[in-house]
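Notes to accompany the following structure.
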Amino acid sequence: MTQSRTSLIAWLQAGPMMLVFVAFFLLPLIFVVIVSAWDYNEYEMLPAFSFRGYTDTFEGCIVQLPELCTILKTYAKTVKLCFLTWLITLTLGFTIAYFLAFHIKSKTWQILLSLLCTIPFWTSNVIRMIAWIPLLGRNGLINQGLIDLGLIKVPMEWLLFSEFSVVLAFVHLFTFFMVVPIFNSMIRIDHKLIEAAYDAGASGFQTLVNIIIPLAKPGIVIGSIFVITIVMGDFVTIGVMGGQQIASAGKIIETRLNALQFPAAAADAVILLGITIVIISMLTRLVDIRKEL
Amino acid sequence: MTSKSTLELVQVSKLFGNTVAVDHIDLKIPEGSYCCLLGPSGCGKTSTLRMIAGHEPVTSGDIIIGANNVTDLLPAGRNTAMMFQSYALFPHLNVIDNVSFALKMRGVDKAERHAEARKLLALVDMQAYEQRLPAQLSGGQQQRVALARALITKPQILLLDEPLSALDPFLRLRMRTELKRLQRELGITFIHVTHGQDEAMALADLVVLMNAGKIEQQGSPREIFNYPRTEFVAKFIGGHAVIRAGQSSVAVRNDRLILKSPSDGVSGPFVAGTIKEIEYQGTFVRVSIAGEEGNDLAAELSDDTIDQMNVSIGDRVLVTWNADQAHPLNSSQIATVPTAGAA
């Protein structure tokens, strides 16, 4: 009796979140999957079962092998940008979180410095991206400065509207998403454990590898999920910072949508989702996050 | 010539900002002894231990182990090992990896370090648990693992920071016996920080009683109990009546106090008072007496004596003692202490 009542209360408590989840995540996802298997022509979708969305996407890919077709090249590029962003945000995020958690002794300063990290979020995404343009442009601050110093003769073209500027903007935008979960894992590490490691003769590096990284793993994985999912699906940052010249998985979907080819767009979305799930599940195999939450 | 692991502190001080935690202490702990650093919280005992371990830099003074000045050495270079208060086991490593951690850091290969760890797990009777994670162990089991982990480097001095405080009273007594047995079998020095005088009495060869950053008194438990040097010692160690007479005061063991009725003549020193409380304690009866001049006493008498005297609450009594049982206290170091006998 009491058993069933507590379970009823538990369901009621979980209910609102479940409804939001079903209405705004699960149902749209199901629609996307259904639509991805519909047929279409130049101007409308046809509610008939067809894999055209998928086959059109990979059109000619098998014929061209071993040369990569456009779509595969695009996915490869997206994964490459994502990997670079992940690597840099992880390195930066881990270092910043380490500094905050272990070198800043007072709680007040820890909070203050964490808040400082949120300052970039006071302006919108687009403004934060556009702000790079006067800095990196051909006649931007950096090129002008280097030319005036006589260090270079011609402006460096690769600073803006390049993979460099895309990754730079991603790092700028998303490092904080790494810092927070890693910091959160790190402040839960008992300082006595580090003393115990020193007592056992571990060097600073050995302590980092054997104690701190394993104990910060949940934070590392959660931060990585944030960064990877955002970057894999991005088309705005790649568009603005890549000068609309760099293709990405997100941009393919956008292009299809603009052409009103909804089944094809949905098929691309499903493919992207699949790839992202594969990456995330590889990550989560490293650590059981359910245990840590 | 001092033996190779005699520990000597020479004028060691520790300041945290302007706060003096440890104030110019000198201490010599012979090889193979069980030493308890005893004192109320904030007396500097833990800071002293951490300085010996190398986890806290000394502000001034020297720490010498055997023939080496280890003052500026890293923790691992001192031939000491520390067992932390809450054990500080690595939560992500199982028992055997926790125990063999120090050997892994030295680059010992897996088979060899696990074999060594198993020997130590056998010593603390934990072989059956080598695959468990710390969270799957009880407090007492965690402590055994922590002990094995500290001992794997074969330290000459084992430092224990309040090792028994996290255990329930029953387990505490059992582990206390076990610590003493281990120390005896291994023949190494144990330095054990505690605020429980009963723990120190039961375990130590050498009790070092600290107060406000200084060593108040050191000696064997019997010396300290029978000849407390200051009022602080007498009160902290418990079981003593501190009796003030004018400027000076003396300590008399509670079980050496004698009760007389006012009609009996008393030839020696005495304090007159009224019985406040009579508590039966099994092996003795405690009679609390509100004495004159603020001398509150608690005489511990055998039930036979109580039966013969036939006293009750509110009676006027004279409390007396044999003059040779009274130890004059050094009044210059009177300090406030928590209630004597606090665990």
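Ligands are numbered from 1 in the order shown, chains are lettered A, B, ... in the order of the structure tokens, and residues start at 1 in each chain.
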
task: Give the residues of chain A that lie within 12 Å of chain B; count only C-alpha atoms, and format the answer as a PyMOL selection string.
output: chain A and resi 188-207+209-218+287+291-292

Please produce an output containing N, CA, C and O atoms for each residue in the selection, written as a short mmCIF file (atom, residue, chain, number, x, y, z; two decimals), in the first residue's frame.
```
data_model
loop_
_atom_site.label_atom_id
_atom_site.label_comp_id
_atom_site.auth_asym_id
_atom_site.auth_seq_id
_atom_site.Cartn_x
_atom_site.Cartn_y
_atom_site.Cartn_z
N ARG A 188 34.99 18.29 -5.79
CA ARG A 188 34.55 17.19 -4.92
C ARG A 188 35.71 16.25 -4.58
O ARG A 188 35.53 15.31 -3.81
N ILE A 189 36.89 16.50 -5.13
CA ILE A 189 38.04 15.66 -4.79
C ILE A 189 38.61 16.12 -3.45
O ILE A 189 38.96 17.29 -3.28
N ASP A 190 38.67 15.22 -2.51
CA ASP A 190 39.18 15.52 -1.18
C ASP A 190 40.68 15.83 -1.28
O ASP A 190 41.45 15.04 -1.83
N HIS A 191 41.08 16.99 -0.74
CA HIS A 191 42.50 17.36 -0.82
C HIS A 191 43.41 16.37 -0.09
O HIS A 191 44.58 16.25 -0.39
N LYS A 192 42.82 15.65 0.86
CA LYS A 192 43.58 14.63 1.58
C LYS A 192 44.07 13.54 0.62
O LYS A 192 45.09 12.92 0.85
N LEU A 193 43.29 13.30 -0.46
CA LEU A 193 43.69 12.27 -1.42
C LEU A 193 44.98 12.67 -2.11
O LEU A 193 45.84 11.83 -2.40
N ILE A 194 45.12 13.98 -2.37
CA ILE A 194 46.32 14.45 -3.04
C ILE A 194 47.51 14.35 -2.09
O ILE A 194 48.60 13.93 -2.47
N GLU A 195 47.26 14.69 -0.83
CA GLU A 195 48.32 14.53 0.18
C GLU A 195 48.70 13.06 0.30
O GLU A 195 49.88 12.73 0.43
N ALA A 196 47.69 12.20 0.28
CA ALA A 196 47.97 10.76 0.40
C ALA A 196 48.83 10.29 -0.78
O ALA A 196 49.73 9.47 -0.60
N ALA A 197 48.57 10.84 -1.96
CA ALA A 197 49.37 10.47 -3.13
C ALA A 197 50.81 10.95 -2.97
O ALA A 197 51.76 10.21 -3.24
N TYR A 198 50.97 12.20 -2.50
CA TYR A 198 52.33 12.71 -2.27
C TYR A 198 53.04 11.86 -1.21
O TYR A 198 54.22 11.57 -1.32
N ASP A 199 52.27 11.49 -0.18
CA ASP A 199 52.83 10.69 0.90
C ASP A 199 53.34 9.35 0.37
O ASP A 199 54.33 8.81 0.86
N ALA A 200 52.66 8.84 -0.67
CA ALA A 200 53.08 7.56 -1.26
C ALA A 200 54.18 7.77 -2.30
O ALA A 200 54.55 6.84 -2.99
N GLY A 201 54.67 9.01 -2.43
CA GLY A 201 55.80 9.25 -3.31
C GLY A 201 55.44 9.63 -4.72
O GLY A 201 56.30 9.62 -5.60
N ALA A 202 54.15 9.93 -4.98
CA ALA A 202 53.76 10.31 -6.34
C ALA A 202 54.26 11.72 -6.64
O ALA A 202 54.22 12.60 -5.79
N SER A 203 54.72 11.92 -7.89
CA SER A 203 55.10 13.27 -8.31
C SER A 203 53.83 14.03 -8.68
O SER A 203 52.74 13.44 -8.72
N GLY A 204 53.98 15.32 -8.95
CA GLY A 204 52.81 16.11 -9.34
C GLY A 204 52.13 15.52 -10.57
O GLY A 204 50.91 15.39 -10.62
N PHE A 205 52.94 15.12 -11.57
CA PHE A 205 52.37 14.56 -12.80
C PHE A 205 51.69 13.21 -12.54
O PHE A 205 50.61 12.94 -13.05
N GLN A 206 52.34 12.38 -11.71
CA GLN A 206 51.73 11.08 -11.37
C GLN A 206 50.40 11.25 -10.65
O GLN A 206 49.45 10.51 -10.87
N THR A 207 50.34 12.26 -9.77
CA THR A 207 49.09 12.53 -9.06
C THR A 207 48.01 12.95 -10.04
O THR A 207 46.86 12.52 -9.96
N VAL A 209 47.78 12.17 -13.24
CA VAL A 209 47.35 11.07 -14.10
C VAL A 209 46.60 9.99 -13.30
O VAL A 209 45.60 9.46 -13.76
N ASN A 210 47.10 9.69 -12.10
CA ASN A 210 46.54 8.57 -11.34
C ASN A 210 45.37 8.93 -10.44
O ASN A 210 44.57 8.08 -10.10
N ILE A 211 45.30 10.18 -10.02
CA ILE A 211 44.25 10.56 -9.08
C ILE A 211 43.29 11.58 -9.67
O ILE A 211 42.08 11.35 -9.73
N ILE A 212 43.82 12.71 -10.14
CA ILE A 212 42.92 13.81 -10.50
C ILE A 212 42.14 13.52 -11.78
O ILE A 212 40.92 13.67 -11.80
N ILE A 213 42.83 13.07 -12.83
CA ILE A 213 42.10 12.81 -14.08
C ILE A 213 41.03 11.72 -13.90
O ILE A 213 39.88 11.92 -14.28
N PRO A 214 41.36 10.57 -13.28
CA PRO A 214 40.29 9.58 -13.11
C PRO A 214 39.10 10.11 -12.30
O PRO A 214 37.96 9.80 -12.62
N LEU A 215 39.38 10.93 -11.29
CA LEU A 215 38.27 11.42 -10.46
C LEU A 215 37.52 12.57 -11.14
O LEU A 215 36.39 12.86 -10.77
N ALA A 216 38.16 13.22 -12.13
CA ALA A 216 37.48 14.31 -12.84
C ALA A 216 36.79 13.79 -14.10
O ALA A 216 36.16 14.55 -14.82
N LYS A 217 36.90 12.48 -14.37
CA LYS A 217 36.37 11.90 -15.60
C LYS A 217 34.88 12.20 -15.84
O LYS A 217 34.51 12.56 -16.96
N PRO A 218 34.02 12.07 -14.83
CA PRO A 218 32.61 12.37 -15.09
C PRO A 218 32.44 13.78 -15.65
O PRO A 218 31.69 13.98 -16.61
N VAL A 287 33.42 5.99 -18.98
CA VAL A 287 33.00 6.21 -17.60
C VAL A 287 31.49 6.04 -17.50
O VAL A 287 30.76 6.40 -18.41
N LYS A 291 26.50 6.50 -12.64
CA LYS A 291 27.03 6.26 -11.30
C LYS A 291 27.40 7.57 -10.60
O LYS A 291 27.33 7.69 -9.41
N GLU A 292 27.81 8.55 -11.41
CA GLU A 292 28.35 9.77 -10.83
C GLU A 292 27.29 10.83 -10.60
O GLU A 292 27.53 11.78 -9.87
#
```

field: Selection: 12 Å around B:Thr19, only C-alpha atoms, excl. self and same-chain fewer than 5 positions, as a VMD selection string
entry: chain B and resid 13 to 14 42 to 44 59 212 to 213

message: Quick check, in Å to one decimal: how far apart do atom CA of A:Leu92 and atom CA of A:Val171 lie?
response: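 Calculated distance between atom CA of A:Leu92 and atom CA of A:Val171 is 8.9 Å.
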
message: Using DSSP secondary structure from the backbone, list all strand (DSSP E) positions within stretch 194-337 of chain B, as a ChimeraX atom specification.
response: /B:194,206-211,214-219,240-245,248-253,258-260,270-280,285-291,296-301,316-320,327-329

message: Give me the residues near stretch 55-66 of chain A as an MDAnalysis selection string, where near means some atom within 10 Å (using only C-alpha atoms) and where sequence neighbours in that chain fewer than 3 positions away do not count.
response: chainID A and resid 50:52 69:72 252 264:265 267:268 271

query: So what do you get for atom CA of B:Leu329 versus atom CA of B:Phe232, distance-wise?
result: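 These atoms are spaced 9.2 Å apart.
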
What residues in stretch 45-120 of chain B get the DSSP label alpha helix (DSSP H)? Please answer as a short mmCIF file (atom, residue, chain, number, x, y, z; two decimals) with N, CA, C and O atoms, in the first residue's frame.
```
data_model
loop_
_atom_site.label_atom_id
_atom_site.label_comp_id
_atom_site.auth_asym_id
_atom_site.auth_seq_id
_atom_site.Cartn_x
_atom_site.Cartn_y
_atom_site.Cartn_z
N LYS B 45 48.81 19.58 18.01
CA LYS B 45 49.28 18.20 17.85
C LYS B 45 49.22 17.74 16.39
O LYS B 45 50.14 17.11 15.90
N THR B 46 48.12 18.11 15.70
CA THR B 46 48.01 17.70 14.29
C THR B 46 49.03 18.44 13.43
O THR B 46 49.65 17.83 12.54
N SER B 47 49.24 19.73 13.72
CA SER B 47 50.26 20.48 12.96
C SER B 47 51.63 19.85 13.16
O SER B 47 52.41 19.73 12.21
N THR B 48 51.91 19.43 14.39
CA THR B 48 53.19 18.79 14.67
C THR B 48 53.33 17.52 13.83
O THR B 48 54.36 17.29 13.18
N LEU B 49 52.27 16.71 13.82
CA LEU B 49 52.31 15.46 13.05
C LEU B 49 52.51 15.74 11.55
O LEU B 49 53.31 15.08 10.89
N ARG B 50 51.79 16.75 11.06
CA ARG B 50 51.88 17.06 9.63
C ARG B 50 53.26 17.61 9.26
O ARG B 50 53.73 17.41 8.15
N MET B 51 53.89 18.30 10.20
CA MET B 51 55.26 18.77 9.94
C MET B 51 56.23 17.59 9.89
O MET B 51 57.14 17.55 9.06
N ILE B 52 56.02 16.62 10.79
CA ILE B 52 56.88 15.43 10.78
C ILE B 52 56.69 14.69 9.46
O ILE B 52 57.65 14.24 8.83
N ALA B 53 55.43 14.62 8.98
CA ALA B 53 55.13 13.91 7.74
C ALA B 53 55.68 14.64 6.52
O ALA B 53 55.94 14.03 5.49
N VAL B 95 40.86 -2.22 -3.44
CA VAL B 95 41.70 -2.36 -2.25
C VAL B 95 43.15 -2.65 -2.61
O VAL B 95 44.07 -1.98 -2.13
N ILE B 96 43.35 -3.59 -3.51
CA ILE B 96 44.74 -3.99 -3.78
C ILE B 96 45.50 -2.88 -4.50
O ILE B 96 46.69 -2.65 -4.24
N ASP B 97 44.81 -2.12 -5.36
CA ASP B 97 45.49 -1.01 -6.04
C ASP B 97 45.75 0.15 -5.10
O ASP B 97 46.73 0.88 -5.24
N ASN B 98 44.85 0.33 -4.14
CA ASN B 98 45.10 1.34 -3.11
C ASN B 98 46.36 1.00 -2.33
O ASN B 98 47.23 1.84 -2.13
N VAL B 99 46.44 -0.26 -1.89
CA VAL B 99 47.56 -0.67 -1.05
C VAL B 99 48.87 -0.61 -1.83
O VAL B 99 49.90 -0.17 -1.32
N PHE B 101 49.64 1.33 -4.29
CA PHE B 101 49.81 2.61 -4.99
C PHE B 101 51.24 3.14 -4.92
O PHE B 101 51.82 3.52 -5.94
N ALA B 102 51.82 3.13 -3.73
CA ALA B 102 53.17 3.69 -3.58
C ALA B 102 54.18 2.93 -4.42
O ALA B 102 55.10 3.52 -5.00
N LEU B 103 54.00 1.61 -4.54
CA LEU B 103 54.92 0.81 -5.35
C LEU B 103 54.72 1.10 -6.83
O LEU B 103 55.67 1.12 -7.60
N LYS B 104 53.47 1.34 -7.23
CA LYS B 104 53.21 1.70 -8.63
C LYS B 104 53.93 3.00 -8.96
O LYS B 104 54.53 3.13 -10.03
N MET B 105 53.91 3.96 -8.04
CA MET B 105 54.59 5.23 -8.26
C MET B 105 56.09 5.04 -8.43
O MET B 105 56.76 5.82 -9.08
N LYS B 110 53.34 -4.86 -12.00
CA LYS B 110 52.07 -5.18 -11.38
C LYS B 110 52.11 -6.44 -10.51
O LYS B 110 51.64 -6.44 -9.38
N ALA B 111 52.66 -7.52 -11.07
CA ALA B 111 52.65 -8.79 -10.34
C ALA B 111 53.38 -8.63 -9.00
O ALA B 111 52.91 -9.08 -7.96
N GLU B 112 54.52 -7.96 -9.07
CA GLU B 112 55.35 -7.83 -7.87
C GLU B 112 54.66 -6.96 -6.82
O GLU B 112 54.62 -7.30 -5.64
N ARG B 113 54.08 -5.83 -7.29
CA ARG B 113 53.48 -4.94 -6.29
C ARG B 113 52.20 -5.54 -5.70
O ARG B 113 51.90 -5.35 -4.53
N HIS B 114 51.47 -6.30 -6.52
CA HIS B 114 50.28 -6.95 -5.97
C HIS B 114 50.66 -8.04 -4.97
O HIS B 114 49.97 -8.22 -3.96
N ALA B 115 51.75 -8.74 -5.22
CA ALA B 115 52.20 -9.77 -4.28
C ALA B 115 52.56 -9.12 -2.94
O ALA B 115 52.19 -9.61 -1.87
N GLU B 116 53.26 -8.00 -3.03
CA GLU B 116 53.65 -7.28 -1.82
C GLU B 116 52.40 -6.77 -1.07
O GLU B 116 52.30 -6.88 0.15
N ALA B 117 51.44 -6.25 -1.84
CA ALA B 117 50.21 -5.73 -1.24
C ALA B 117 49.44 -6.84 -0.54
O ALA B 117 48.87 -6.64 0.54
N ARG B 118 49.45 -8.05 -1.14
CA ARG B 118 48.73 -9.16 -0.52
C ARG B 118 49.32 -9.52 0.84
O ARG B 118 48.61 -9.86 1.77
N LYS B 119 50.66 -9.42 0.95
CA LYS B 119 51.30 -9.70 2.24
C LYS B 119 50.76 -8.76 3.31
O LYS B 119 50.46 -9.15 4.43
N LEU B 120 50.65 -7.46 2.93
CA LEU B 120 50.18 -6.48 3.91
C LEU B 120 48.70 -6.64 4.21
O LEU B 120 48.26 -6.45 5.33
#
```

Residue nearest A:Ala247 - candidates A:Lys73, A:Leu135, A:Tyr43, A:Leu112, atoms counted: only C-alpha atoms: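 For A:Ala247, the nearest of the candidates is A:Lys73.
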
Near-A:Ile279 list (12 Å; only C-alpha atoms; drop same-chain fewer than 2 positions) as a list in words: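 The filter keeps Val79, Cys82, Phe83, Trp86, Val221, Ser224, Ile225, Val227, Ile228, Thr229, Met232, Leu272, Leu273, Gly274, Ile275, Thr276, Ile277, Ser281, Met282, Leu283, Thr284, Arg285 and Leu286 of chain A.
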
message: Restricting the calculation to only C-alpha atoms: of B:Pro134, B:Gly314, B:Gly239, B:Gly61, which residue gets closest to B:Ala298?
response: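 Among the listed residues, the smallest separation from B:Ala298 belongs to B:Gly239.
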